[in-house]
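As provided, start_16.txt (compact mmCIF, C-alpha atoms and all ligand atoms) reads as follows.
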```txt
# COMPACT_ATOMS: atom_id res chain seq x y z
CA MET S 1078 20.64 -5.83 -13.56
CA SER S 1079 19.59 -7.53 -10.33
CA VAL S 1080 16.33 -7.30 -8.51
CA LEU S 1081 17.06 -8.08 -4.88
CA GLU S 1082 14.74 -9.60 -2.31
CA ILE S 1083 13.12 -6.99 -0.08
CA LEU S 1084 13.10 -7.98 3.60
CA THR S 1085 9.76 -7.72 5.36
CA ILE S 1086 8.79 -7.43 9.01
CA PRO S 1087 9.48 -9.00 11.45
CA ASP S 1088 12.95 -9.64 9.91
CA LYS S 1089 15.54 -8.61 12.52
CA ARG S 1090 17.87 -7.17 9.90
CA LEU S 1091 15.44 -4.27 9.44
CA LYS S 1092 16.28 -3.20 13.00
CA TYR S 1093 20.06 -2.91 12.46
CA LYS S 1094 21.83 0.42 12.40
CA SER S 1095 23.59 0.85 9.05
CA LEU S 1096 27.20 1.95 8.62
CA GLU S 1097 28.65 4.98 6.83
CA VAL S 1098 29.68 4.42 3.23
CA THR S 1099 33.44 4.93 2.95
CA ASN S 1100 34.34 3.14 -0.28
CA PHE S 1101 33.09 4.96 -3.36
CA ASP S 1102 33.98 2.16 -5.74
CA LYS S 1103 32.51 -0.06 -8.45
CA ASP S 1104 30.78 -2.18 -5.79
CA LEU S 1105 28.90 0.88 -4.55
CA GLU S 1106 27.82 1.72 -8.12
CA LYS S 1107 26.56 -1.83 -8.56
CA THR S 1108 24.62 -1.68 -5.27
CA VAL S 1109 23.03 1.63 -6.33
CA SER S 1110 21.94 0.19 -9.65
CA ASP S 1111 20.56 -2.96 -7.95
CA LEU S 1112 18.62 -0.76 -5.52
CA PHE S 1113 17.02 1.15 -8.41
CA ASP S 1114 16.22 -2.12 -10.23
CA THR S 1115 14.59 -3.45 -7.06
CA LEU S 1116 12.69 -0.19 -6.46
CA TYR S 1117 11.31 -0.09 -10.01
CA ALA S 1118 10.45 -3.81 -9.94
CA SER S 1119 8.34 -3.18 -6.82
CA GLY S 1120 5.89 -1.23 -8.98
CA ASN S 1121 4.57 1.15 -6.35
CA GLY S 1122 7.67 2.04 -4.30
CA ILE S 1123 9.13 5.56 -4.33
CA GLY S 1124 12.12 4.95 -2.07
CA LEU S 1125 14.35 2.12 -0.95
CA ALA S 1126 17.06 2.01 1.70
CA ALA S 1127 19.98 -0.46 1.47
CA PRO S 1128 19.11 -2.22 4.78
CA GLN S 1129 15.75 -3.20 3.25
CA VAL S 1130 17.67 -5.61 1.02
CA GLY S 1131 20.00 -6.71 3.81
CA ILE S 1132 22.86 -4.31 2.97
CA LYS S 1133 23.99 -2.50 6.12
CA LYS S 1134 25.05 0.73 4.41
CA ARG S 1135 23.81 4.30 4.75
CA LEU S 1136 22.53 4.43 1.21
CA ILE S 1137 19.09 5.38 -0.16
CA VAL S 1138 17.57 5.64 -3.60
CA ILE S 1139 14.44 7.69 -4.26
CA ASP S 1140 12.35 8.25 -7.37
CA LEU S 1141 9.07 10.03 -6.68
CA LYS S 1142 7.98 9.60 -10.32
CA GLU S 1143 5.92 12.78 -9.95
CA GLU S 1144 3.66 13.48 -12.91
CA GLY S 1145 4.88 10.22 -14.41
CA LYS S 1146 8.41 11.60 -14.81
CA SER S 1147 11.32 9.59 -13.49
CA SER S 1148 13.78 11.59 -11.39
CA PRO S 1149 16.13 9.20 -9.58
CA ILE S 1150 18.19 10.56 -6.69
CA ILE S 1151 20.96 8.77 -4.78
CA PHE S 1152 21.51 9.71 -1.13
CA ILE S 1153 24.79 8.44 0.37
CA ASN S 1154 25.40 9.03 4.10
CA PRO S 1155 22.36 11.34 4.38
CA LYS S 1156 21.90 13.37 7.56
CA ILE S 1157 19.06 15.61 8.66
CA VAL S 1158 20.72 18.84 9.80
CA SER S 1159 17.53 20.68 10.72
CA SER S 1160 13.81 20.11 10.61
CA SER S 1161 10.83 22.45 10.76
CA ASN S 1162 8.63 22.62 13.85
CA GLU S 1163 5.57 22.56 11.62
CA CYS S 1164 4.46 19.02 11.08
CA SER S 1165 1.78 17.26 9.14
CA ILE S 1166 0.18 13.86 9.23
CA ASN S 1167 0.29 11.73 6.11
CA GLU S 1168 -0.48 8.15 5.25
CA GLU S 1169 2.66 6.07 4.74
CA GLY S 1170 3.40 2.64 3.42
CA CYS S 1171 6.63 0.68 3.16
CA LEU S 1172 7.95 -2.01 0.84
CA SER S 1173 9.06 -3.91 3.96
CA ILE S 1174 5.52 -3.75 5.36
CA PRO S 1175 3.48 -4.67 2.26
CA GLY S 1176 -0.28 -4.28 2.47
CA TYR S 1177 -0.25 -1.99 5.52
CA TYR S 1178 -0.72 1.79 5.62
CA ALA S 1179 -0.99 4.18 8.54
CA GLU S 1180 -0.82 7.86 9.37
CA VAL S 1181 2.52 9.23 10.60
CA LYS S 1182 3.42 12.71 11.82
CA ARG S 1183 6.56 14.24 10.29
CA SER S 1184 8.19 17.66 9.92
CA ASN S 1185 7.09 19.53 6.80
CA ILE S 1186 10.58 20.66 5.83
CA VAL S 1187 13.95 19.03 6.49
CA GLU S 1188 17.39 20.24 5.55
CA VAL S 1189 19.46 17.26 4.47
CA GLU S 1190 23.15 16.82 3.83
CA TRP S 1191 24.35 13.88 1.75
CA GLU S 1192 26.96 12.69 -0.69
CA GLY S 1193 26.53 11.67 -4.30
CA LEU S 1194 28.26 8.84 -6.14
CA ASP S 1195 30.91 11.41 -7.11
CA ARG S 1196 31.52 11.89 -3.37
CA LYS S 1197 30.49 15.54 -3.62
CA LYS S 1198 28.59 16.90 -0.61
CA LYS S 1199 25.13 18.27 -1.23
CA ARG S 1200 22.84 20.16 1.12
CA GLU S 1201 19.23 20.96 0.36
CA LYS S 1202 15.94 21.87 2.00
CA LEU S 1203 13.41 19.23 1.05
CA THR S 1204 9.66 19.76 1.14
CA GLY S 1205 6.43 17.97 0.32
CA LEU S 1206 6.54 14.28 -0.58
CA MET S 1207 10.35 14.33 -0.85
CA SER S 1208 10.59 15.52 2.76
CA ILE S 1209 8.33 12.72 4.04
CA CYS S 1210 10.10 10.14 1.92
CA ILE S 1211 13.64 11.06 3.01
CA GLN S 1212 12.62 11.07 6.70
CA HIS S 1213 11.06 7.61 6.27
CA GLU S 1214 14.16 6.28 4.45
CA ILE S 1215 16.74 7.78 6.84
CA ASP S 1216 14.80 6.09 9.66
CA HIS S 1217 15.51 2.76 7.91
CA LEU S 1218 19.25 3.46 8.19
CA ASP S 1219 18.79 3.66 11.96
CA GLY S 1220 16.61 0.55 12.16
CA ILE S 1221 13.41 2.54 12.64
CA LEU S 1222 10.21 1.60 10.79
CA PHE S 1223 7.13 3.81 10.46
CA ILE S 1224 5.15 1.33 12.56
CA ASP S 1225 7.53 2.09 15.45
CA TYR S 1226 5.65 5.41 15.78
CA LEU S 1227 2.35 3.57 16.25
CA SER S 1228 0.72 1.88 19.23
CA ASN S 1229 1.63 -1.73 20.04
CA LEU S 1230 -1.82 -2.78 18.95
CA LYS S 1231 -1.38 -1.21 15.50
CA LYS S 1232 2.11 -2.72 15.24
CA LYS S 1233 0.66 -6.16 15.87
CA ARG S 1234 -1.99 -5.54 13.21
CA ALA S 1235 0.74 -4.57 10.75
CA ILE S 1236 2.60 -7.83 11.35
CA GLU S 1237 -0.64 -9.79 10.86
CA LYS S 1238 -1.41 -7.88 7.64
CA VAL S 1239 2.04 -8.63 6.23
CA LYS S 1240 1.64 -12.32 7.06
CA LYS S 1241 -1.69 -12.37 5.22
CA TYR S 1242 -0.29 -10.37 2.31
CA LYS S 1243 2.61 -12.80 1.87
CA LYS S 1244 0.31 -15.82 2.06
CA ASN S 1245 -1.98 -14.39 -0.64
CA ASN S 1246 0.98 -13.59 -2.86
CA GLU S 1247 2.31 -17.12 -2.54
CA LYS S 1248 -1.06 -18.45 -3.68
CA THR S 1249 -1.20 -16.29 -6.80
CA SER S 1250 2.41 -16.69 -7.87
ZN ZN C 1 10.13 1.88 4.25
```
Just give me the structure of the file as structure tokens.
Amino acid sequence: MSVLEILTIPDKRLKYKSLEVTNFDKDLEKTVSDLFDTLYASGNGIGLAAPQVGIKKRLIVIDLKEEGKSSPIIFINPKIVSSSNECSINEEGCLSIPGYYAEVKRSNIVEVEWEGLDRKKKREKLTGLMSICIQHEIDHLDGILFIDYLSNLKKKRAIEKVKKYKKNNEKTS
């Protein structure tokens, strides 16, 4: 079990485009289990993308923990194949932008194709919180953060908030 360090803005590595996973080996299994350990250790996170811990792979773990029930899902090489025109605006946060929340507009429904650890292809229409979460996480694989959808002023505020958040955490730990 390893809890990895989560990169925070303005770390440049969060802006990299991640690469397709091609080796479905023991290393990949270990990375997946480390990602879940890191996600659960965060306390409030529901999704984590590999680039958030400095691993440049198209790999995401999600556990919405809806109604207190754990339901971990692994998304390898996920792709959005279609998205609904109907959108909604929801407040989002990010483990790489601790202490900052803002409203982001996203499609209500997305059809996603991905591979599992067994290399089998899956394709599903995702709705609700899962839809928002997978869009947010796939953005990470392309080096996009939710604050990239906001004005420059709000982006600056986010960076300031994270600085403050990290300072306060240093004091208490
Ligand atoms: Zn995020």
Show which residues sit within 6 Å of Lys1092 in chain S, as a list of chain:residue names. Count only C-alpha atoms, and ignore same-chain residues fewer than 2 positions away. S:Lys1089, S:Arg1090, S:Gly1220
Neighbours of Val1187 in chain S within 9 Å (all atoms listed in the file; same-chain residues fewer than 5 positions away dropped), as a count of residues only? 13
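The two atoms in question, CA of Leu1125 in chain S and CA of Ile1137 in chain S, are spaced 5.8 Å apart.
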Report as number ranges by chain which protein, DNA and RNA residues come within 7 Å of ligand ZN 1 (chain C), using all atoms listed in the file. S: 1125, 1170-1173, 1213-1214, 1217, 1222
When you draw a straight line from CA of Tyr1177 in chain S to CA of Ile1132 in chain S, how long is it in Å?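 These atoms are spaced 23.4 Å apart.
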Taking 6 positions as the minimum chain separation for residues in the same chain, which residues sit within 12 Å of Asn1245 in chain S when counting only C-alpha atoms? Answer as a PDB file with C-alpha atoms, in the frame of the given file.
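Below is the file that was written, selection08.pdb:
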```pdb
ATOM      1  CA  PRO S1175       3.480  -4.670   2.260  1.00  0.00           C
ATOM      2  CA  GLY S1176      -0.280  -4.280   2.470  1.00  0.00           C
ATOM      3  CA  LYS S1238      -1.410  -7.880   7.640  1.00  0.00           C
ATOM      4  CA  VAL S1239       2.040  -8.630   6.230  1.00  0.00           C
TER       5      VAL S1239
END
```
What does the structure give for the distance between CA of Ile1139 in chain S and CA of Cys1164 in chain S, in Å to one decimal? 21.5 Å
Within 10 Å of range 1140-1143 of chain S, counting only C-alpha atoms, which residues qualify if same-chain residues fewer than 4 places away don't, as a list in words?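 These residues fall inside the cut-off: Phe1113, Leu1116, Tyr1117, Asn1121, Gly1122, Ile1123, Gly1124, Leu1125, Ser1147, Ser1148, Pro1149, Ile1150, Ile1151, Leu1206, Met1207 and Cys1210 of chain S.
Look at Arg1234 in chain S: the protein and nucleic acid residues within 12 Å of it, using all atoms listed in the file and passing over chain neighbours fewer than 5 places away, are Ile1086, Ile1174, Gly1176, Tyr1177, Tyr1178, Ala1179, Ile1224, Leu1227, Ser1228, Asn1229, Val1239, Lys1240 and Lys1241 of chain S.
Each of S:Val1181, S:Val1130, S:Met1078, S:Val1138 was compared to Ile1215 in chain S using all atoms listed in the file, and S:Val1138 turns out to be the nearest.
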Using all atoms listed in the file: which of S:Lys1094, S:Thr1108, S:Ala1126, S:Gly1131 has the shortest distance to Glu1082 in chain S: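 Comparing S:Lys1094, S:Thr1108, S:Ala1126, S:Gly1131 against Glu1082 in chain S, the winner is S:Gly1131.
Once only C-alpha atoms are considered, the residues situated within 6 Å of the file point (25.7, 11.3, 1.6) turn out to be Phe1152, Ile1153, Asn1154, Pro1155, Trp1191, Glu1192 and Gly1193 of chain S.
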Coordinate excerpt as an mmCIF file, in the first residue's frame: range 1156-1195 of chain S, N, CA and C atoms:
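The result, written out as decode_35.cif:
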```
data_model
loop_
_atom_site.group_PDB
_atom_site.id
_atom_site.type_symbol
_atom_site.label_atom_id
_atom_site.label_comp_id
_atom_site.auth_asym_id
_atom_site.auth_seq_id
_atom_site.Cartn_x
_atom_site.Cartn_y
_atom_site.Cartn_z
ATOM 1 N N LYS S 1156 -12.234 7.228 -23.280
ATOM 2 C CA LYS S 1156 -12.487 8.176 -24.372
ATOM 3 C C LYS S 1156 -13.960 8.541 -24.353
ATOM 4 N N ILE S 1157 -14.259 9.801 -24.507
ATOM 5 C CA ILE S 1157 -15.665 10.210 -24.632
ATOM 6 C C ILE S 1157 -16.048 10.067 -26.092
ATOM 7 N N VAL S 1158 -17.004 9.174 -26.394
ATOM 8 C CA VAL S 1158 -17.385 8.959 -27.787
ATOM 9 C C VAL S 1158 -18.558 9.843 -28.201
ATOM 10 N N SER S 1159 -19.395 10.232 -27.244
ATOM 11 C CA SER S 1159 -20.433 11.220 -27.553
ATOM 12 C C SER S 1159 -20.880 11.891 -26.268
ATOM 13 N N SER S 1160 -21.365 13.122 -26.409
ATOM 14 C CA SER S 1160 -21.857 13.808 -25.217
ATOM 15 C C SER S 1160 -23.138 14.552 -25.540
ATOM 16 N N SER S 1161 -24.022 14.639 -24.568
ATOM 17 C CA SER S 1161 -25.335 15.251 -24.778
ATOM 18 C C SER S 1161 -25.194 16.759 -24.945
ATOM 19 N N ASN S 1162 -26.124 17.339 -25.734
ATOM 20 C CA ASN S 1162 -26.131 18.798 -25.874
ATOM 21 C C ASN S 1162 -26.605 19.463 -24.593
ATOM 22 N N GLU S 1163 -27.476 18.768 -23.860
ATOM 23 C CA GLU S 1163 -27.975 19.345 -22.605
ATOM 24 C C GLU S 1163 -26.845 19.366 -21.595
ATOM 25 N N CYS S 1164 -26.692 20.547 -21.005
ATOM 26 C CA CYS S 1164 -25.618 20.725 -20.039
ATOM 27 C C CYS S 1164 -26.201 21.167 -18.707
ATOM 28 N N SER S 1165 -25.400 21.056 -17.670
ATOM 29 C CA SER S 1165 -25.779 21.696 -16.423
ATOM 30 C C SER S 1165 -24.537 22.225 -15.735
ATOM 31 N N ILE S 1166 -24.796 23.132 -14.797
ATOM 32 C CA ILE S 1166 -23.694 23.792 -14.096
ATOM 33 C C ILE S 1166 -23.633 23.257 -12.680
ATOM 34 N N ASN S 1167 -22.464 22.760 -12.315
ATOM 35 C CA ASN S 1167 -22.295 22.188 -10.975
ATOM 36 C C ASN S 1167 -21.002 22.691 -10.356
ATOM 37 N N GLU S 1168 -20.993 22.722 -9.038
ATOM 38 C CA GLU S 1168 -19.779 23.129 -8.338
ATOM 39 C C GLU S 1168 -18.784 21.976 -8.344
ATOM 40 N N GLU S 1169 -17.543 22.279 -8.719
ATOM 41 C CA GLU S 1169 -16.498 21.253 -8.733
ATOM 42 C C GLU S 1169 -15.328 21.650 -7.852
ATOM 43 N N GLY S 1170 -14.650 20.626 -7.376
ATOM 44 C CA GLY S 1170 -13.411 20.822 -6.651
ATOM 45 C C GLY S 1170 -12.410 19.845 -7.235
ATOM 46 N N CYS S 1171 -11.165 19.889 -6.774
ATOM 47 C CA CYS S 1171 -10.138 19.025 -7.331
ATOM 48 C C CYS S 1171 -9.058 18.822 -6.287
ATOM 49 N N LEU S 1172 -8.578 17.589 -6.160
ATOM 50 C CA LEU S 1172 -7.533 17.305 -5.171
ATOM 51 C C LEU S 1172 -6.236 18.057 -5.501
ATOM 52 N N SER S 1173 -6.080 18.472 -6.762
ATOM 53 C CA SER S 1173 -4.892 19.234 -7.153
ATOM 54 C C SER S 1173 -5.082 20.732 -6.950
ATOM 55 N N ILE S 1174 -6.313 21.119 -6.561
ATOM 56 C CA ILE S 1174 -6.618 22.529 -6.312
ATOM 57 C C ILE S 1174 -7.333 22.616 -4.955
ATOM 58 N N PRO S 1175 -6.655 22.159 -3.879
ATOM 59 C CA PRO S 1175 -7.341 22.041 -2.588
ATOM 60 C C PRO S 1175 -7.814 23.395 -2.064
ATOM 61 N N GLY S 1176 -9.024 23.388 -1.512
ATOM 62 C CA GLY S 1176 -9.553 24.605 -0.895
ATOM 63 C C GLY S 1176 -10.264 25.531 -1.855
ATOM 64 N N TYR S 1177 -10.362 25.149 -3.146
ATOM 65 C CA TYR S 1177 -11.023 26.024 -4.112
ATOM 66 C C TYR S 1177 -12.150 25.278 -4.825
ATOM 67 N N TYR S 1178 -13.290 25.934 -4.944
ATOM 68 C CA TYR S 1178 -14.447 25.334 -5.625
ATOM 69 C C TYR S 1178 -15.045 26.362 -6.567
ATOM 70 N N ALA S 1179 -15.547 25.908 -7.709
ATOM 71 C CA ALA S 1179 -16.180 26.843 -8.636
ATOM 72 C C ALA S 1179 -17.163 26.087 -9.520
ATOM 73 N N GLU S 1180 -18.071 26.857 -10.126
ATOM 74 C CA GLU S 1180 -19.091 26.255 -10.978
ATOM 75 C C GLU S 1180 -18.554 26.034 -12.385
ATOM 76 N N VAL S 1181 -18.826 24.834 -12.921
ATOM 77 C CA VAL S 1181 -18.367 24.466 -14.259
ATOM 78 C C VAL S 1181 -19.547 23.875 -15.025
ATOM 79 N N LYS S 1182 -19.610 24.222 -16.326
ATOM 80 C CA LYS S 1182 -20.684 23.710 -17.174
ATOM 81 C C LYS S 1182 -20.203 22.448 -17.884
ATOM 82 N N ARG S 1183 -20.986 21.383 -17.791
ATOM 83 C CA ARG S 1183 -20.618 20.120 -18.458
ATOM 84 C C ARG S 1183 -21.862 19.466 -19.053
ATOM 85 N N SER S 1184 -21.643 18.582 -20.033
ATOM 86 C CA SER S 1184 -22.734 17.800 -20.602
ATOM 87 C C SER S 1184 -23.357 16.910 -19.523
ATOM 88 N N ASN S 1185 -24.671 16.721 -19.626
ATOM 89 C CA ASN S 1185 -25.349 15.883 -18.625
ATOM 90 C C ASN S 1185 -25.000 14.408 -18.785
ATOM 91 N N ILE S 1186 -24.925 13.974 -20.054
ATOM 92 C CA ILE S 1186 -24.680 12.555 -20.316
ATOM 93 C C ILE S 1186 -23.491 12.405 -21.253
ATOM 94 N N VAL S 1187 -22.585 11.495 -20.939
ATOM 95 C CA VAL S 1187 -21.488 11.193 -21.865
ATOM 96 C C VAL S 1187 -21.404 9.684 -22.064
ATOM 97 N N GLU S 1188 -21.134 9.313 -23.316
ATOM 98 C CA GLU S 1188 -20.905 7.901 -23.592
ATOM 99 C C GLU S 1188 -19.387 7.705 -23.598
ATOM 100 N N VAL S 1189 -18.936 6.779 -22.785
ATOM 101 C CA VAL S 1189 -17.493 6.609 -22.593
ATOM 102 C C VAL S 1189 -17.075 5.185 -22.940
ATOM 103 N N GLU S 1190 -15.924 5.101 -23.603
ATOM 104 C CA GLU S 1190 -15.334 3.808 -23.926
ATOM 105 C C GLU S 1190 -14.040 3.697 -23.133
ATOM 106 N N TRP S 1191 -13.793 2.556 -22.513
ATOM 107 C CA TRP S 1191 -12.542 2.416 -21.767
ATOM 108 C C TRP S 1191 -12.171 0.948 -21.667
ATOM 109 N N GLU S 1192 -10.996 0.697 -21.122
ATOM 110 C CA GLU S 1192 -10.571 -0.675 -20.900
ATOM 111 C C GLU S 1192 -10.447 -0.935 -19.405
ATOM 112 N N GLY S 1193 -10.655 -2.176 -19.017
ATOM 113 C CA GLY S 1193 -10.467 -2.566 -17.632
ATOM 114 C C GLY S 1193 -9.078 -3.176 -17.467
ATOM 115 N N LEU S 1194 -8.768 -3.557 -16.234
ATOM 116 C CA LEU S 1194 -7.461 -4.191 -15.977
ATOM 117 C C LEU S 1194 -7.313 -5.487 -16.767
ATOM 118 N N ASP S 1195 -8.451 -6.117 -17.083
ATOM 119 C CA ASP S 1195 -8.443 -7.363 -17.863
ATOM 120 C C ASP S 1195 -8.324 -7.073 -19.358
#
```
